[in-house]
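S.K.: Quick one: this structure, given as structure tokens, is what I'll be asking you about.
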Amino acid sequence: MNPKTFDVIVSGVGGQGVILATEILGDAALKEGLDVIISEIHGMAHRGGSVVSHVRIGSDRYSPTITEGSADAILGLEPIETLRVLKFANQDTRIIMTSKPIVPVTVSTGAYKYPALKKVVEQCKIFTEHVTVLDAFKIAEEAGSSKTVNIVMLGALAATSLLPVKEESLIQTIKGHIPEKFAKENLNAFDAGKKAFASK
Amino acid sequence: MTKGLIALRDPRVLLLDKPGDKHLLLGNEAIARGAVEAGVHVFTMYPGTPASEIGDALAQIADDAGMYVEFSTNEKVGLEVAAGASLAGARTLTAMKMVGLNVASDTLVTLAYAGVKGGFVIVSADDPDCFSSQNEQDNRYYALLANIPCLEPSNPQEARDMLLSAFDISEKLELPVMIRMVTRVSHTRGIVTFGPIEKRRIGSFVRDPEHFVMVPVNARRRHVALLEKMSLASKVVEQSPYNRISGRGTLGLITSGVSYNYCLEALRLIGITAQILKVGTINPLPTGLISKFLQNVHEAIVVEELEPYLEVQVKAIAQGLAKDVKVLGKLGGFFPRHGEFSPGIVAVGLSRIVGKAPALNYEMTVRKVTQADKVTPPRPPMLCPGCPHIASFHVIKVATGGKAVVATDIGCYALGYQPPLSVGDVMISMGASAGMAAGLSKVTTDPVVGVVGDSTFFHASLPGLVNAAYNNHRFVYVVLDNLTTAMTGHQPHPGTGITATGKVSKRIMIEDLAKACGIDYVRVVDPFRFESAVSTMKEAIRQNGPAVVVFRRPCVEIELHKGTAIQQSVHASI
């Protein structure tokens, strides 16, 4: 793989900070002089719906969305939201996903069943062997705030060595994007995510 | 180059007078930056996804930029305010989502006859795939219908560039110019290189009634003038840098906007080369350039989302050529006419034509995904926990015994149609609830309820309400007043008494307006006072004519906007 190109999908639920995570990633890449395109879907995100962002780094990237079956990585901030973006995976895709479900209304009303984590991982493995499950909520909580799941996941992605963006740029961008009073817990979360991935 | 960058989310970035600076901007923010650079004097919009961030950004920097920014009551009014300022000699911009142009179209079509003075640009943001819209109409046809120039950017950088060019074209031809965006350009973040900020030039209004008063005698002449201007535009677009040919080979692709990006990646996936004509001026089309392009290829494939807008026109151009060139596209069934494209969808369509498979097992991926889909429960957007609309819907259900036929409207509360609330039987367009409820009440024997949000009430329901009073239609019109335009990102509206730029202004009370529309039974309730709300609702249903019940309680998310002018105003008003 050309080390200077990278396609990642970040998926989750409205309110989890999917868009903030992708903005940090994109701005860090821009800081390093890389070309970057991000595609976000706004609008329904506030209402607890699914949120998917595409981040594309590299000078030969044109489409705002990643080609089906071509993502280098998928960051799933929620198990079934990871399933929803599997069409972007291939056998080499690195999937990092959180283990804690955010139950949708269709499950709480009894219309649908939430799949067991084992089943979710099984489905991911039909596409790729490279699946890492992290208890990102717990990791985030221990780092200072359960609201930093998105940053824990960014830390995990940084630990894969797939990303053509330096860790230092990510850290600087986090500092630039997040209000000072929350900076510490977010930097802790980033570090904890990195360590959690490395220990897997 | 990006040292000392102000945080990305700070809209003041858009004010930096640093030509050559590069920033990662949303397509909508690139439009806002373009407006700053172009020296726009007046900006108007009614918020609507995927266009809203243009107004959100400009409202926040308006005072620093010295720009007048307003959220207008609807898109037609917004277009008129901007057009009026343009006739007085200022550069003006109005933005809206695609369905907003339906509302504004009455003025637009005739404004094209009258023409403009200061550059006037209309941004229409289309939403292929209905991400947050009630339809996926293709607004390129509005440019054709109104006979005005239209440019279509493929990424945020082009959005900024084309906006600046659109102002020049508008001033040169004295015509409104449209920029057609789509969700994947408006909501794509890309690197945008800043240009210099132009000094604002403002003219003055010069009386010219023969040009601007569209009584028939003038309109006839101005139609001819419009045709002459557009014939000049046809010549101008032949030289436009936005229409370019790249690549090589005997296969030709003709495309525009976001689809251009998909073409580049699809060709790479299939491993073939082609000449690509990227059309940036989608009205008028560069017919000379297209003819020349067709002469140089064996076969031309038109790649465009939604309607076969280019395809039909390219086919007409091909008909006039001496050489026989096949023009293929969605009319031949190679590409879908609905939804948005992706590199995969374009690759599959192209590969069917050229007979070579892409390096991507699209069908296999789709098959594997179908399996995953089976175990994935849907996650529809929902009303937030604590949302006052939930209580209001419960009141409506209890008061009508669940029997009401409900004409609902555009906003968060449209989500109330879903179980278990199940309040909402019809929803079509902004403000349609009043007229639809009236019609339903003429036939059904069940109680009829219309449901409309506060911002939507001001936007387009007033004529329907006057009609209900005048023709004595028997239904209850429920106005869900959460004191904000929640769905599109909490913009203020006339019922908040706060302007786009956060200034305290005249507050228009919904109940006063309802009375002024001729409704005799008007009540205001708090949806959280359940019993009294139910008994008021029951009384309203018993009325022999139209009744209005305002359910007033601020959106739960307003609490997240602590300390802002809106929150303070809302709290002062309860």
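Ligands are numbered from 1 in the order shown, residues from 1 within each chain, and chains are lettered A, B, ... in the order they appear in the structure tokens.
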If you count only C-alpha atoms, which residues fall within 6 Å of Asp7 of chain A, apart from same-chain ones fewer than 6 positions away, as a PyMOL selection string?
M.R.: chain A and resi 55-56+71-72
S.K.: Produce a table with one row for each residue of chain A that has an atom at most 6 Å from any atom of chain B, each row naming the nearest atom pair and its distance in Å at one decimal; use only C-alpha atoms; arrange rows by chain and rising residue number; format as JSON lines.
M.R.:
{"residue": "A:Ile37", "atom": "CA", "partner": "B:Gly190", "partner_atom": "CA", "distance": 4.8}
{"residue": "A:Ile38", "atom": "CA", "partner": "B:Arg189", "partner_atom": "CA", "distance": 4.8}
{"residue": "A:Ser39", "atom": "CA", "partner": "B:Thr188", "partner_atom": "CA", "distance": 4.3}
{"residue": "A:Glu40", "atom": "CA", "partner": "B:His187", "partner_atom": "CA", "distance": 5.5}
{"residue": "A:Arg47", "atom": "CA", "partner": "B:Pro381", "partner_atom": "CA", "distance": 4.9}
{"residue": "A:Gly48", "atom": "CA", "partner": "B:Pro381", "partner_atom": "CA", "distance": 5.4}
{"residue": "A:Gly49", "atom": "CA", "partner": "B:Pro381", "partner_atom": "CA", "distance": 4.1}
{"residue": "A:Tyr62", "atom": "CA", "partner": "B:Asn261", "partner_atom": "CA", "distance": 4.9}
{"residue": "A:Ser63", "atom": "CA", "partner": "B:Asn261", "partner_atom": "CA", "distance": 4.6}
{"residue": "A:Thr67", "atom": "CA", "partner": "B:Pro343", "partner_atom": "CA", "distance": 5.3}
{"residue": "A:Glu68", "atom": "CA", "partner": "B:Gly344", "partner_atom": "CA", "distance": 5.9}
{"residue": "A:Ile80", "atom": "CA", "partner": "B:Thr376", "partner_atom": "CA", "distance": 5.9}
{"residue": "A:Lys87", "atom": "CA", "partner": "B:Val369", "partner_atom": "CA", "distance": 5.8}
{"residue": "A:Pro104", "atom": "CA", "partner": "B:Arg379", "partner_atom": "CA", "distance": 5.3}
{"residue": "A:Tyr112", "atom": "CA", "partner": "B:Pro377", "partner_atom": "CA", "distance": 5.8}
{"residue": "A:Gln123", "atom": "CA", "partner": "B:Ala372", "partner_atom": "CA", "distance": 5.9}
{"residue": "A:Gly176", "atom": "CA", "partner": "B:Ala7", "partner_atom": "CA", "distance": 5.7}
{"residue": "A:His177", "atom": "CA", "partner": "B:Ala7", "partner_atom": "CA", "distance": 5.7}
S.K.: Within 6 Å of segment 292-308 of chain B, counting only C-alpha atoms, which residues qualify if same-chain residues fewer than 3 places away don't, as a tab-separated table (two decimals) with C-alpha atoms, in the first residue's frame?
M.R.:
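After the write, around-v1.tsv holds the following:
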chain	number	residue	atom	x	y	z
B	250	THR	CA	-11.75	6.70	-28.06
B	251	LEU	CA	-14.18	6.17	-25.21
B	252	GLY	CA	-15.74	9.40	-24.00
B	253	LEU	CA	-17.35	10.20	-20.66
B	254	ILE	CA	-19.48	13.28	-20.18
B	255	THR	CA	-20.16	14.13	-16.57
B	259	SER	CA	-20.23	12.31	-10.52
B	289	LEU	CA	-17.33	21.92	-26.98
B	311	GLU	CA	-27.96	12.88	-21.46
B	325	VAL	CA	-21.84	8.68	-32.19
B	326	LYS	CA	-23.56	6.43	-29.71
B	327	VAL	CA	-24.61	8.26	-26.53
B	328	LEU	CA	-25.30	5.92	-23.62
B	329	GLY	CA	-26.46	6.56	-20.07
B	337	ARG	CA	-32.21	7.31	-11.97
B	338	HIS	CA	-32.64	7.39	-8.20
S.K.: Find the distance between atom CA of Ala28 of chain A and atom CA of Arg268 of chain B and write it in Å to one decimal.
M.R.: 27.5 Å
S.K.: Residues at most 8 Å from Val478 of chain B, counting only C-alpha atoms, excluding those fewer than 5 positions away in the same chain, as a PyMOL selection string?
M.R.: chain B and resi 449-452+548-551
S.K.: Would you work out the distance separating atom CA of Ala391 of chain B from atom CA of Pro527 of chain B, expressed in Å to one decimal?
M.R.: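 Taking atom CA of Ala391 of chain B as the start and atom CA of Pro527 of chain B as the end point, the length is 5.6 Å.
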S.K.: May I have the residues within 7 Å of segment 217-231 of chain B as a PyMOL selection string, using only C-alpha atoms and disregarding those fewer than 6 positions away in the same chain?
M.R.: chain B and resi 112-114+173+210-211
S.K.: Between A:Ala136, A:Leu163, A:Val149, A:Met97, which residue has the minimum interatomic distance to Val18 of chain A, considering only C-alpha atoms?
M.R.: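 Among A:Ala136, A:Leu163, A:Val149, A:Met97, it is A:Val149 that comes nearest to Val18 of chain A.
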S.K.: Using DSSP on the backbone coordinates, identify the residues of chain A assigned to helix (DSSP H, G or I); present them as an NGL selection string.
M.R.: :A and (18-31 or 44-47 or 79-83 or 86-88 or 105-108 or 117-127 or 136-143 or 146-158 or 167-177 or 180-198)
S.K.: For Ser146 of chain A, which residue among A:Asn186, A:Gln172, A:Ser11, A:Asn90 is the nearest when counting only C-alpha atoms?
M.R.: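 Closest to Ser146 of chain A of all the choices is A:Asn186.
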S.K.: Between B:Cys517, B:Gly34, B:Glu174, B:Ala399, which residue has the minimum interatomic distance to Ser532 of chain B, considering only C-alpha atoms?
M.R.: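 Closest to Ser532 of chain B, using only C-alpha atoms: B:Ala399.
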